[in-house]
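Structure file final.txt (compact mmCIF, C-alpha atoms and all ligand atoms) is printed below.
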# COMPACT_ATOMS: atom_id res chain seq x y z
CA ARG D 1 -6.12 4.13 -20.73
CA LEU D 2 -4.23 4.97 -17.59
CA ARG D 3 -2.58 1.91 -16.02
CA ARG D 4 -2.24 1.83 -12.24
CA ILE D 5 -0.62 -0.57 -9.80
CA THR D 6 -0.88 -1.01 -6.03
CA GLY D 7 0.84 -3.61 -3.90
CA LEU D 8 -0.16 -4.31 -0.32
CA THR D 9 2.36 -6.18 1.82
CA PRO D 10 0.86 -8.81 4.15
CA SER D 11 3.15 -7.66 6.96
CA GLY D 12 0.33 -6.91 9.39
CA HIS D 13 -3.33 -5.95 9.56
CA LEU D 14 -4.84 -3.36 7.22
CA HIS D 15 -5.82 -0.01 8.71
CA LEU D 16 -7.86 3.09 7.90
CA GLY D 17 -4.86 4.68 6.14
CA ASN D 18 -4.72 1.73 3.73
CA LEU D 19 -8.50 1.97 3.15
CA ILE D 20 -8.52 5.70 2.46
CA GLY D 21 -5.12 5.98 0.77
CA ALA D 22 -5.25 2.85 -1.37
CA MET D 23 -8.25 0.51 -1.23
CA LEU D 24 -11.13 2.94 -1.84
CA PRO D 25 -9.27 4.82 -4.62
CA ILE D 26 -8.55 1.47 -6.32
CA ALA D 27 -12.20 0.49 -6.19
CA ALA D 28 -13.29 3.93 -7.41
CA GLY D 29 -11.01 3.86 -10.46
CA GLN D 30 -11.02 0.21 -11.48
CA HIS D 31 -13.61 0.56 -14.25
CA THR D 32 -12.02 3.60 -15.89
CA SER D 33 -8.33 2.68 -15.72
CA ASP D 34 -6.42 -0.59 -16.08
CA THR D 35 -5.85 -1.58 -12.49
CA VAL D 36 -3.36 -4.03 -10.99
CA VAL D 37 -3.77 -4.90 -7.29
CA PHE D 38 -1.43 -7.51 -5.90
CA LEU D 39 -0.68 -8.94 -2.48
CA ALA D 40 3.05 -8.45 -2.10
CA ASP D 41 3.64 -11.66 -0.18
CA LEU D 42 7.24 -11.96 -1.40
CA HIS D 43 8.00 -8.54 0.06
CA ALA D 44 6.69 -9.79 3.42
CA LEU D 45 9.56 -12.30 3.50
CA THR D 46 12.31 -9.65 3.60
CA LEU D 47 12.09 -9.27 7.40
CA GLU D 48 11.85 -11.89 10.16
CA HIS D 49 8.45 -13.50 9.61
CA ASP D 50 6.10 -16.23 10.79
CA PRO D 51 4.98 -18.39 7.81
CA ALA D 52 1.48 -19.08 9.17
CA GLN D 53 1.01 -15.38 9.89
CA VAL D 54 2.04 -14.28 6.39
CA ARG D 55 -0.37 -16.81 4.84
CA ALA D 56 -3.20 -15.70 7.15
CA ASN D 57 -2.50 -12.00 6.50
CA THR D 58 -2.50 -12.59 2.74
CA LEU D 59 -5.94 -14.17 2.83
CA GLU D 60 -7.25 -11.53 5.26
CA GLN D 61 -6.01 -8.69 3.07
CA ALA D 62 -7.44 -10.25 -0.08
CA THR D 63 -10.80 -10.65 1.65
CA LEU D 64 -10.73 -7.06 2.92
CA LEU D 65 -9.89 -5.75 -0.55
CA LEU D 66 -12.94 -7.55 -1.94
CA ALA D 67 -15.03 -6.24 0.98
CA ALA D 68 -13.87 -2.71 0.18
CA GLY D 69 -15.13 -3.08 -3.39
CA VAL D 70 -12.22 -4.38 -5.46
CA ASP D 71 -13.80 -6.17 -8.43
CA PRO D 72 -11.63 -9.14 -9.47
CA GLU D 73 -13.14 -9.10 -12.96
CA ALA D 74 -12.25 -5.45 -13.55
CA ALA D 75 -8.84 -5.40 -11.85
CA LEU D 76 -5.94 -7.84 -12.07
CA PHE D 77 -6.05 -9.12 -8.48
CA TYR D 78 -3.56 -11.77 -7.32
CA PRO D 79 -0.76 -12.77 -4.93
CA GLN D 80 2.65 -11.77 -6.26
CA SER D 81 4.10 -15.23 -5.52
CA GLN D 82 1.60 -16.92 -7.85
CA VAL D 83 2.94 -15.03 -10.84
CA PRO D 84 6.56 -16.22 -11.26
CA ALA D 85 7.18 -13.44 -13.78
CA HIS D 86 7.79 -11.12 -10.80
CA THR D 87 10.77 -13.18 -9.61
CA GLU D 88 11.98 -13.96 -13.10
CA LEU D 89 12.10 -10.29 -14.00
CA HIS D 90 13.59 -9.52 -10.58
CA TYR D 91 16.61 -11.63 -11.49
CA LEU D 92 17.01 -10.11 -14.94
CA LEU D 93 16.85 -6.61 -13.43
CA GLU D 94 19.46 -7.53 -10.80
CA CYS D 95 21.77 -7.95 -13.75
CA VAL D 96 21.41 -4.27 -14.64
CA THR D 97 21.48 -2.94 -11.05
CA GLY D 98 24.66 -1.98 -9.22
CA ALA D 99 25.22 -3.45 -5.77
CA GLY D 100 26.13 0.06 -4.61
CA GLU D 101 22.87 1.41 -6.00
CA ALA D 102 20.89 -0.97 -3.80
CA GLN D 103 23.05 -0.22 -0.76
CA ARG D 104 22.31 3.48 -1.10
CA MET D 105 18.56 3.04 -0.55
CA ILE D 106 17.57 4.98 2.58
CA GLN D 107 14.89 2.48 3.57
CA TYR D 108 17.44 -0.33 3.41
CA LYS D 109 19.84 1.62 5.63
CA GLU D 110 17.11 2.36 8.16
CA LYS D 111 15.61 -1.12 8.27
CA SER D 112 18.94 -2.96 8.27
CA ALA D 113 20.28 -0.75 11.10
CA ARG D 114 17.47 -2.01 13.35
CA GLN D 115 18.31 -5.70 12.87
CA GLN D 116 20.92 -8.25 13.80
CA HIS D 117 20.47 -10.60 10.88
CA VAL D 118 19.74 -8.73 7.68
CA ARG D 119 18.29 -10.81 4.87
CA LEU D 120 19.84 -10.39 1.43
CA SER D 121 16.27 -10.03 0.13
CA LEU D 122 15.93 -6.79 2.15
CA LEU D 123 18.77 -5.35 0.09
CA THR D 124 17.32 -6.50 -3.23
CA TYR D 125 13.71 -5.63 -2.30
CA PRO D 126 13.71 -2.43 -4.42
CA VAL D 127 14.73 -4.50 -7.46
CA LEU D 128 11.73 -6.79 -6.91
CA MET D 129 9.61 -3.65 -6.63
CA ALA D 130 11.09 -2.44 -9.92
CA ALA D 131 10.09 -5.79 -11.44
CA ASP D 132 6.53 -5.37 -10.08
CA ILE D 133 6.25 -2.02 -11.87
CA LEU D 134 8.10 -2.78 -15.13
CA LEU D 135 6.35 -6.12 -15.57
CA HIS D 136 3.07 -4.28 -16.00
CA GLN D 137 4.52 -1.43 -18.12
CA ILE D 138 3.33 1.21 -15.63
CA ARG D 139 4.09 4.83 -16.48
CA GLU D 140 2.89 6.74 -13.40
CA VAL D 141 3.39 5.34 -9.92
CA PRO D 142 1.63 7.29 -7.16
CA VAL D 143 3.70 6.84 -3.99
CA GLY D 144 4.36 8.54 -0.68
CA ASP D 145 7.78 9.93 0.13
CA ASP D 146 8.92 6.65 1.70
CA GLN D 147 8.74 4.88 -1.69
CA ARG D 148 9.90 7.70 -3.97
CA GLN D 149 13.55 6.61 -4.04
CA HIS D 150 12.51 3.07 -4.97
CA VAL D 151 10.53 4.33 -7.95
CA GLU D 152 13.58 6.39 -8.99
CA LEU D 153 15.59 3.15 -8.94
CA ALA D 154 12.96 1.40 -11.08
CA ARG D 155 13.20 4.31 -13.49
CA ASP D 156 17.02 4.17 -13.68
CA VAL D 157 16.95 0.42 -14.20
CA ALA D 158 14.35 0.66 -16.97
CA ILE D 159 16.32 3.36 -18.78
CA ARG D 160 19.53 1.35 -18.48
CA PHE D 161 17.93 -1.90 -19.68
CA ASN D 162 16.30 -0.18 -22.66
CA HIS D 163 19.55 1.57 -23.55
CA ARG D 164 21.75 -1.53 -23.38
CA TYR D 165 19.42 -4.22 -24.67
CA GLY D 166 16.74 -2.42 -26.67
CA GLU D 167 13.37 -0.83 -25.88
CA THR D 168 11.60 -3.25 -23.55
CA PHE D 169 10.06 -1.34 -20.65
CA THR D 170 7.89 1.72 -20.18
CA VAL D 171 9.97 4.14 -18.09
CA PRO D 172 8.03 4.82 -14.87
CA VAL D 173 7.86 8.09 -12.96
CA ALA D 174 6.83 8.71 -9.33
CA VAL D 175 3.82 11.00 -9.00
CA HIS D 176 2.16 12.49 -5.95
CA PRO D 177 -0.90 10.52 -4.85
CA SER D 178 -3.95 12.48 -6.03
CA ALA D 179 -6.11 12.08 -2.91
CA GLY D 180 -3.40 13.54 -0.68
CA ALA D 181 -4.71 11.94 2.52
CA ARG D 182 -1.85 10.44 4.47
CA LEU D 183 -3.20 9.37 7.84
CA MET D 184 -0.93 9.69 10.85
CA ASP D 185 -0.71 7.55 13.96
CA LEU D 186 -3.24 8.73 16.55
CA THR D 187 -0.79 8.47 19.45
CA ASP D 188 2.21 9.82 17.49
CA PRO D 189 0.92 12.19 14.81
CA THR D 190 4.38 12.78 13.38
CA SER D 191 4.60 9.14 12.17
CA LYS D 192 2.42 7.67 9.45
CA MET D 193 -0.27 5.19 10.48
CA SER D 194 1.28 1.84 9.57
CA LYS D 195 0.72 -1.91 9.63
CA SER D 196 4.12 -2.92 10.85
CA ALA D 197 5.31 0.00 12.98
CA GLY D 198 3.82 1.63 16.07
CA SER D 199 2.19 0.07 19.12
CA GLY D 200 -1.22 -0.39 17.53
CA ALA D 201 -2.87 2.00 20.01
CA GLY D 202 -2.74 4.77 17.42
CA THR D 203 -3.69 2.59 14.44
CA LEU D 204 -7.33 2.21 13.37
CA PHE D 205 -7.32 -1.40 12.14
CA LEU D 206 -10.14 -2.21 9.73
CA LEU D 207 -11.02 -5.32 11.74
CA ASP D 208 -10.96 -3.63 15.16
CA PRO D 209 -14.41 -3.95 16.77
CA PRO D 210 -16.42 -0.69 16.56
CA ASP D 211 -16.05 0.09 20.28
CA VAL D 212 -12.26 -0.28 20.02
CA LEU D 213 -12.17 2.07 17.02
CA ARG D 214 -14.23 4.63 18.93
CA ARG D 215 -12.01 4.37 22.00
CA LYS D 216 -8.83 4.82 19.94
CA VAL D 217 -10.24 7.99 18.36
CA MET D 218 -11.38 9.39 21.72
CA ARG D 219 -7.86 8.80 23.11
CA ALA D 220 -6.06 10.39 20.17
CA VAL D 221 -3.24 12.72 21.17
CA THR D 222 -3.96 16.42 20.67
CA ASP D 223 -2.29 19.55 21.99
CA SER D 224 -3.49 21.20 25.19
CA GLY D 225 -5.35 24.04 23.47
CA ASP D 226 -9.12 24.04 23.13
CA ALA D 227 -10.06 26.03 20.02
CA VAL D 228 -10.42 23.77 16.99
CA ALA D 229 -8.26 25.06 14.11
CA TYR D 230 -6.55 23.39 11.15
CA ASP D 231 -2.81 23.95 11.59
CA PRO D 232 -0.81 20.87 10.46
CA ALA D 233 2.63 22.33 11.28
CA ASN D 234 1.90 23.38 14.88
CA ARG D 235 -1.01 21.13 15.82
CA PRO D 236 -0.41 17.83 14.01
CA GLY D 237 -2.67 15.67 16.19
CA LEU D 238 -5.67 17.93 15.70
CA ALA D 239 -4.90 18.31 11.99
CA ASN D 240 -4.79 14.53 11.60
CA LEU D 241 -8.27 14.17 13.16
CA LEU D 242 -9.60 16.87 10.82
CA GLU D 243 -7.98 15.13 7.84
CA ILE D 244 -9.54 11.81 8.81
CA LEU D 245 -12.94 13.49 9.06
CA SER D 246 -12.27 15.21 5.74
CA ALA D 247 -11.34 11.93 4.06
CA CYS D 248 -14.50 10.26 5.39
CA THR D 249 -16.86 13.10 4.46
CA GLY D 250 -15.25 14.68 1.39
CA ARG D 251 -15.29 18.14 3.02
CA SER D 252 -12.23 20.33 3.59
CA PRO D 253 -10.41 20.14 6.94
CA ALA D 254 -10.29 23.93 7.36
CA VAL D 255 -14.05 24.24 6.85
CA LEU D 256 -14.71 21.34 9.22
CA ALA D 257 -12.53 22.99 11.89
CA GLY D 258 -14.91 25.95 12.00
CA GLU D 259 -17.83 23.68 12.90
CA PHE D 260 -16.50 22.35 16.22
CA THR D 261 -16.27 24.16 19.53
CA SER D 262 -14.45 21.44 21.49
CA TYR D 263 -12.00 18.60 20.96
CA GLY D 264 -14.48 16.17 22.51
CA ARG D 265 -17.19 16.95 19.95
CA LEU D 266 -14.71 16.75 17.10
CA LYS D 267 -13.48 13.34 18.28
CA ALA D 268 -17.04 12.05 18.57
CA ALA D 269 -17.75 13.19 15.01
CA VAL D 270 -14.54 11.56 13.75
CA ALA D 271 -15.47 8.29 15.47
CA ASP D 272 -18.96 8.37 13.92
CA ALA D 273 -17.54 9.05 10.45
CA VAL D 274 -14.92 6.31 10.74
CA LEU D 275 -17.54 3.77 11.83
CA ALA D 276 -19.88 4.79 9.01
CA LEU D 277 -17.07 4.07 6.55
CA VAL D 278 -15.69 0.92 8.15
CA GLU D 279 -18.78 -0.95 9.37
CA PRO D 280 -20.10 -1.84 5.88
CA VAL D 281 -16.62 -3.14 4.98
CA GLN D 282 -16.62 -5.21 8.17
CA SER D 283 -19.98 -6.77 7.44
CA ARG D 284 -19.00 -7.73 3.88
CA TYR D 285 -15.76 -9.09 5.31
CA ALA D 286 -17.73 -11.23 7.78
CA GLU D 287 -19.72 -12.75 4.89
CA LEU D 288 -16.74 -13.35 2.60
CA SER D 289 -14.53 -14.76 5.32
CA ARG D 290 -17.00 -17.64 5.69
CA GLU D 291 -15.88 -18.76 2.24
CA PRO D 292 -12.08 -18.72 2.18
CA ALA D 293 -12.04 -21.33 -0.60
CA TYR D 294 -13.98 -18.94 -2.82
CA VAL D 295 -11.54 -16.10 -2.15
CA ARG D 296 -8.57 -18.36 -2.85
CA GLU D 297 -10.15 -19.45 -6.12
CA LEU D 298 -10.62 -15.81 -7.17
CA LEU D 299 -6.93 -15.20 -6.44
CA ARG D 300 -5.87 -18.25 -8.49
CA THR D 301 -7.98 -17.08 -11.40
CA GLY D 302 -6.48 -13.59 -11.06
CA ALA D 303 -2.97 -15.03 -11.03
CA GLY D 304 -3.71 -16.93 -14.25
CA ARG D 305 -4.90 -13.74 -15.93
CA ALA D 306 -1.83 -11.86 -14.66
CA ARG D 307 0.50 -14.56 -16.04
CA GLU D 308 -1.09 -14.13 -19.45
CA ALA D 309 -1.07 -10.34 -19.27
CA THR D 310 2.66 -10.21 -18.46
CA ALA D 311 3.97 -13.03 -20.65
CA ALA D 312 4.90 -10.81 -23.59
CA THR D 313 6.98 -8.45 -21.44
CA VAL D 314 8.91 -11.26 -19.80
CA ARG D 315 9.55 -12.89 -23.17
CA ALA D 316 10.82 -9.61 -24.61
CA ALA D 317 13.13 -9.03 -21.62
CA ARG D 318 14.53 -12.59 -21.80
CA THR D 319 15.25 -12.31 -25.48
CA ALA D 320 16.72 -8.81 -25.24
CA ILE D 321 19.17 -9.76 -22.50
CA GLY D 322 20.48 -12.78 -24.36
CA LEU D 323 18.57 -15.88 -23.31
CA LEU D 324 17.49 -18.56 -25.77
CA ASP D 325 13.76 -18.67 -26.38
P1 LIG D 401 4.09 -1.26 6.31
O1 LIG D 401 4.26 -0.69 7.68
O2 LIG D 401 4.21 -2.77 6.28
O3 LIG D 401 4.92 -0.58 5.25
P2 LIG D 401 1.80 0.24 5.41
O4 LIG D 401 0.69 0.54 6.33
O5 LIG D 401 2.77 1.34 5.07
O6 LIG D 401 2.55 -1.03 5.99
P3 LIG D 401 1.83 -0.72 2.68
O7 LIG D 401 1.53 -2.16 2.42
O8 LIG D 401 3.26 -0.26 2.67
O9 LIG D 401 1.15 -0.33 4.09
O10 LIG D 401 1.02 0.18 1.67
C1 LIG D 401 -0.20 -0.22 1.09
C2 LIG D 401 -0.91 0.99 0.50
O11 LIG D 401 -1.47 1.78 1.55
C3 LIG D 401 0.01 1.92 -0.29
O12 LIG D 401 -0.71 2.34 -1.45
C4 LIG D 401 0.25 3.08 0.66
O13 LIG D 401 0.51 4.30 -0.02
C5 LIG D 401 -1.06 3.14 1.42
N1 LIG D 401 -0.87 3.66 2.79
C6 LIG D 401 -0.10 3.09 3.75
N2 LIG D 401 -0.15 3.80 4.89
C7 LIG D 401 -0.97 4.87 4.65
C8 LIG D 401 -1.40 5.98 5.46
N3 LIG D 401 -1.02 6.11 6.71
N4 LIG D 401 -2.24 6.88 4.90
C9 LIG D 401 -2.64 6.73 3.60
N5 LIG D 401 -2.26 5.72 2.80
C10 LIG D 401 -1.43 4.79 3.30
MG MG D 402 4.55 0.99 3.83
Go through the file and emit its structure as C-alpha cells.
Ligand code: ATP
Ligand code: MG
Amino acid sequence: RLRRITGLTPSGHLHLGNLIGAMLPIAAGQHTSDTVVFLADLHALTLEHDPAQVRANTLEQATLLLAAGVDPEAALFYPQSQVPAHTELHYLLECVTGAGEAQRMIQYKEKSARQQHVRLSLLTYPVLMAADILLHQIREVPVGDDQRQHVELARDVAIRFNHRYGETFTVPVAVHPSAGARLMDLTDPTSKMSKSAGSGAGTLFLLDPPDVLRRKVMRAVTDSGDAVAYDPANRPGLANLLEILSACTGRSPAVLAGEFTSYGRLKAAVADAVLALVEPVQSRYAELSREPAYVRELLRTGAGRAREATAATVRAARTAIGLLD
C-alpha cells in the first residue's frame, strides 16, 4: 500500500488552500492508502510565537481536520510533540547532516533575513522535517515547490545514514501533488494563499463567516479586462478564481471560463461554490468544538498508535548509529 504523510503547522488559521490542497485529499485517500496526518506543533516554535496561540491553533486545526472528514481510526492522526520519536530521530539525523547543508536551504535564508533574532531551530527545521518523513518510512512525498529542497535534504540524509550505518530508512523522493490546485492569494495572485503570510484580506479562512468569505471573493483582484478567459500567465487573478471554481466543482477551468460573460457573475459563482464546500465543514466544526476534551482524547490515542508504529524504526536507527539498546 502507498504510504502518505501530511503535516500542518499550527502557525495560523487554516484556509481554503489547505482544505483543497491537503485536507480533502487526505480524507479521500485514507481508506486506500496508509495515511499519516500530524499537527506540526514543533515546527510552529521555529519563529517568534505566542504559547497560548499555538496551543489554540493546534486544537482548532485538529478539530477542522476531523470536520473535513479525517477518520482517526483509518489515519494516524496526532500532534508531533506527543510522539518523542520525531525529536529523537531529529537529533540522530543532525549527526549525519552538515551545518553548511542546513545553511544552504533557501527557505532558511529567506525567513532568517526577515528577522532580528533567528532561532537555531529555524536552521535545523529541515532536519526535523526529514525525521518526520523517515520515521514513517515514506517513499513519495507530494510537496509544492517551497518544500522541494527540504525533501531533497531528507533524501540525502537517508542515503548517507543507510550508507554509513546500514539500511535503516526508505529513501524518499519529492513528487508533484496529484491534484495540482495551488490556490493563490485573492489580493495578490502571484503569492500562494497562506496561513502565516499576507494580510488576510486575500485568504479564505475556513472559519470566516459566510458573508466574509463572499465579500473576500467579490473583492478579489482581477485585471481590467472584461472577457472571461483562462490565461494563468497574463491574467493570474482571473485564473485563480477559475481554479478555485474548478477545484470546488471538479470541472476544468478553461471550460468554466466559457460559461461566464462577466467578472461579477464569475465571482458570484465562485462565492457560491466556496460556501457550498465550506459550510458543511463549518457546521461539523461547530458541533465538535463543543467537545474539546473528546478531540484531545482522540489525539492522545492517535499519538499512542503513532509511538507504536514508529518504535521499530527508531530502535533500528539507535542501534545502527552506535547507541546501546
Ligand atoms: P504557512 O504559511 O504557515 O507555511 P501554509 O498555508 O503554507 O502555512 P502549511 O501548514 O505549510 O500551510 O501546509 C499544510 C498543507 O496545505 C500542505 O499539504 C500544503 O501543501 C497545503 N497548502 C498550503 N497552502 C496551499 C495553497 N495555497 N493551495 C493548496 N494547498 C496548500
Ligand atoms: Mg507552508
Show me a table, sorted first by chain and then by increasing residue number, of the residues of chain D having an atom at most 12 Å from ligand MG 402 (chain D), each with its shortest atom pair and the distance in Å to one decimal, counting all atoms listed in the file and written as CSV.
residue,atom,partner,partner_atom,distance
D:Thr6,CA,D:MG402,MG,11.4
D:Gly7,CA,D:MG402,MG,9.7
D:Leu8,CA,D:MG402,MG,8.2
D:Thr9,CA,D:MG402,MG,7.8
D:Pro10,CA,D:MG402,MG,10.5
D:Ser11,CA,D:MG402,MG,9.3
D:Gly12,CA,D:MG402,MG,10.5
D:His13,CA,D:MG402,MG,12.0
D:Leu14,CA,D:MG402,MG,10.9
D:His15,CA,D:MG402,MG,11.5
D:Gly17,CA,D:MG402,MG,10.4
D:Asn18,CA,D:MG402,MG,9.3
D:Gly21,CA,D:MG402,MG,11.3
D:Ala22,CA,D:MG402,MG,11.2
D:Ala40,CA,D:MG402,MG,11.2
D:His43,CA,D:MG402,MG,10.8
D:Ala44,CA,D:MG402,MG,11.0
D:Gln107,CA,D:MG402,MG,10.5
D:Val143,CA,D:MG402,MG,9.8
D:Gly144,CA,D:MG402,MG,8.8
D:Asp145,CA,D:MG402,MG,10.2
D:Asp146,CA,D:MG402,MG,7.5
D:Gln147,CA,D:MG402,MG,7.9
D:Arg148,CA,D:MG402,MG,11.6
D:Arg182,CA,D:MG402,MG,11.4
D:Ser191,CA,D:MG402,MG,11.7
D:Lys192,CA,D:MG402,MG,9.0
D:Met193,CA,D:MG402,MG,9.2
D:Ser194,CA,D:MG402,MG,6.7
D:Lys195,CA,D:MG402,MG,7.5
D:Ser196,CA,D:MG402,MG,8.0
D:Ala197,CA,D:MG402,MG,9.2
If you count only C-alpha atoms, which residues fall within 7 Å of range 132-138 of chain D, apart from same-chain ones fewer than 6 positions away, as a list in words?
Arg3, Arg4, His86, Phe169, Thr170, Pro172, Thr310 and Thr313 of chain D
So which residues touch range 49-62 of chain D within 12 Å, counting all atoms listed in the file, skipping near sequence neighbours fewer than 6 positions away, as an mmCIF file with C-alpha atoms, in the coordinates of the input?
data_model
loop_
_atom_site.group_PDB
_atom_site.id
_atom_site.type_symbol
_atom_site.label_atom_id
_atom_site.label_comp_id
_atom_site.auth_asym_id
_atom_site.auth_seq_id
_atom_site.Cartn_x
_atom_site.Cartn_y
_atom_site.Cartn_z
ATOM 1 C CA GLY D 7 0.840 -3.610 -3.900
ATOM 2 C CA LEU D 8 -0.160 -4.310 -0.320
ATOM 3 C CA THR D 9 2.360 -6.180 1.820
ATOM 4 C CA PRO D 10 0.860 -8.810 4.150
ATOM 5 C CA SER D 11 3.150 -7.660 6.960
ATOM 6 C CA GLY D 12 0.330 -6.910 9.390
ATOM 7 C CA HIS D 13 -3.330 -5.950 9.560
ATOM 8 C CA LEU D 14 -4.840 -3.360 7.220
ATOM 9 C CA HIS D 15 -5.820 -0.010 8.710
ATOM 10 C CA ASN D 18 -4.720 1.730 3.730
ATOM 11 C CA LEU D 19 -8.500 1.970 3.150
ATOM 12 C CA MET D 23 -8.250 0.510 -1.230
ATOM 13 C CA VAL D 37 -3.770 -4.900 -7.290
ATOM 14 C CA PHE D 38 -1.430 -7.510 -5.900
ATOM 15 C CA LEU D 39 -0.680 -8.940 -2.480
ATOM 16 C CA ALA D 40 3.050 -8.450 -2.100
ATOM 17 C CA ASP D 41 3.640 -11.660 -0.180
ATOM 18 C CA LEU D 42 7.240 -11.960 -1.400
ATOM 19 C CA HIS D 43 8.000 -8.540 0.060
ATOM 20 C CA ALA D 68 -13.870 -2.710 0.180
ATOM 21 C CA GLY D 69 -15.130 -3.080 -3.390
ATOM 22 C CA VAL D 70 -12.220 -4.380 -5.460
ATOM 23 C CA ASP D 71 -13.800 -6.170 -8.430
ATOM 24 C CA PRO D 72 -11.630 -9.140 -9.470
ATOM 25 C CA PHE D 77 -6.050 -9.120 -8.480
ATOM 26 C CA TYR D 78 -3.560 -11.770 -7.320
ATOM 27 C CA PRO D 79 -0.760 -12.770 -4.930
ATOM 28 C CA GLN D 80 2.650 -11.770 -6.260
ATOM 29 C CA SER D 81 4.100 -15.230 -5.520
ATOM 30 C CA ARG D 119 18.290 -10.810 4.870
ATOM 31 C CA LYS D 195 0.720 -1.910 9.630
ATOM 32 C CA SER D 196 4.120 -2.920 10.850
ATOM 33 C CA PHE D 205 -7.320 -1.400 12.140
ATOM 34 C CA LEU D 206 -10.140 -2.210 9.730
ATOM 35 C CA LEU D 207 -11.020 -5.320 11.740
ATOM 36 C CA GLN D 282 -16.620 -5.210 8.170
ATOM 37 C CA TYR D 285 -15.760 -9.090 5.310
ATOM 38 C CA ALA D 286 -17.730 -11.230 7.780
ATOM 39 C CA LEU D 288 -16.740 -13.350 2.600
ATOM 40 C CA SER D 289 -14.530 -14.760 5.320
ATOM 41 C CA ARG D 290 -17.000 -17.640 5.690
ATOM 42 C CA GLU D 291 -15.880 -18.760 2.240
ATOM 43 C CA PRO D 292 -12.080 -18.720 2.180
ATOM 44 C CA ALA D 293 -12.040 -21.330 -0.600
ATOM 45 C CA TYR D 294 -13.980 -18.940 -2.820
ATOM 46 C CA VAL D 295 -11.540 -16.100 -2.150
ATOM 47 C CA ARG D 296 -8.570 -18.360 -2.850
ATOM 48 C CA GLU D 297 -10.150 -19.450 -6.120
ATOM 49 C CA LEU D 298 -10.620 -15.810 -7.170
ATOM 50 C CA LEU D 299 -6.930 -15.200 -6.440
ATOM 51 C CA ARG D 300 -5.870 -18.250 -8.490
ATOM 52 C CA GLY D 302 -6.480 -13.590 -11.060
#
Pick from D:Asp211, D:Glu101, D:Val118, D:Lys111 nearest to Ala154 in chain D, counting all atoms listed in the file:
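The answer is D:Glu101, which sits nearest to Ala154 in chain D.
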Ranking D:Thr63, D:Val157, D:Met184, D:Arg104 by minimum distance to ligand LIG 401 (chain D) and counting only C-alpha atoms and all ligand atoms, which one comes first?
D:Met184
Selection as a ChimeraX atom specification: residues within 7 Å of (1.0, 9.5, 24.1), counting all atoms listed in the file
/D:187-188,221
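Between CA of Val228 in chain D and CA of Arg215 in chain D lies a distance of 20.1 Å.
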Please report the interatomic distance between atom P1 of ligand LIG 401 (chain D) and CA of Thr46 in chain D in Å with one decimal.
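Value for the atom P1 of ligand LIG 401 (chain D)-CA of Thr46 in chain D distance: 12.1 Å.
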For a quick check of your reading of the model, name the residues lying within 10 Å of the coordinate (-6.7, -1.2, -13.8), counting all atoms listed in the file, and write them as a PyMOL selection string.
chain D and resi 1-6+26-27+29-37+74-77
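Minimum atom-to-atom distance to ligand LIG 401 (chain D), evaluated using only C-alpha atoms and all ligand atoms, belongs to D:Ala181 out of D:Ala181, D:Ala99, D:Ile106, D:Ala229.
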Write out as lines of an AutoDock Vina configuration file an axis-aligned box for range 157-162 of chain D: all of its atoms listed in the file, 6 Å added on each side, centre and edge lengths in Å with one decimal.
center_x = 16.9
center_y = 0.7
center_z = -18.4
size_x = 17.2
size_y = 17.3
size_z = 20.5
Fewer than 5 positions away in the same chain doesn't count, so skip those; otherwise give me all residues within 12 Å of Thr222 in chain D, counting all atoms listed in the file, as number ranges by chain.
D: 185-190, 217, 227-229, 231-232, 234-242, 262-264, 266-267
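Going from CA of Phe161 in chain D over to CA of Ala312 in chain D, you cover 16.3 Å.
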Tell me which of D:Ser121, D:Thr203, D:Thr301, D:Gln103 sits closest to ligand LIG 401 (chain D), counting only C-alpha atoms and all ligand atoms.
D:Thr203
I need the residue nearest ligand LIG 401 (chain D) from this list: D:Gly304, D:Gly200, D:Pro209, D:Gly100. Use all atoms listed in the file for the distance.
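Checking each candidate against ligand LIG 401 (chain D), we get D:Gly200 as the closest.
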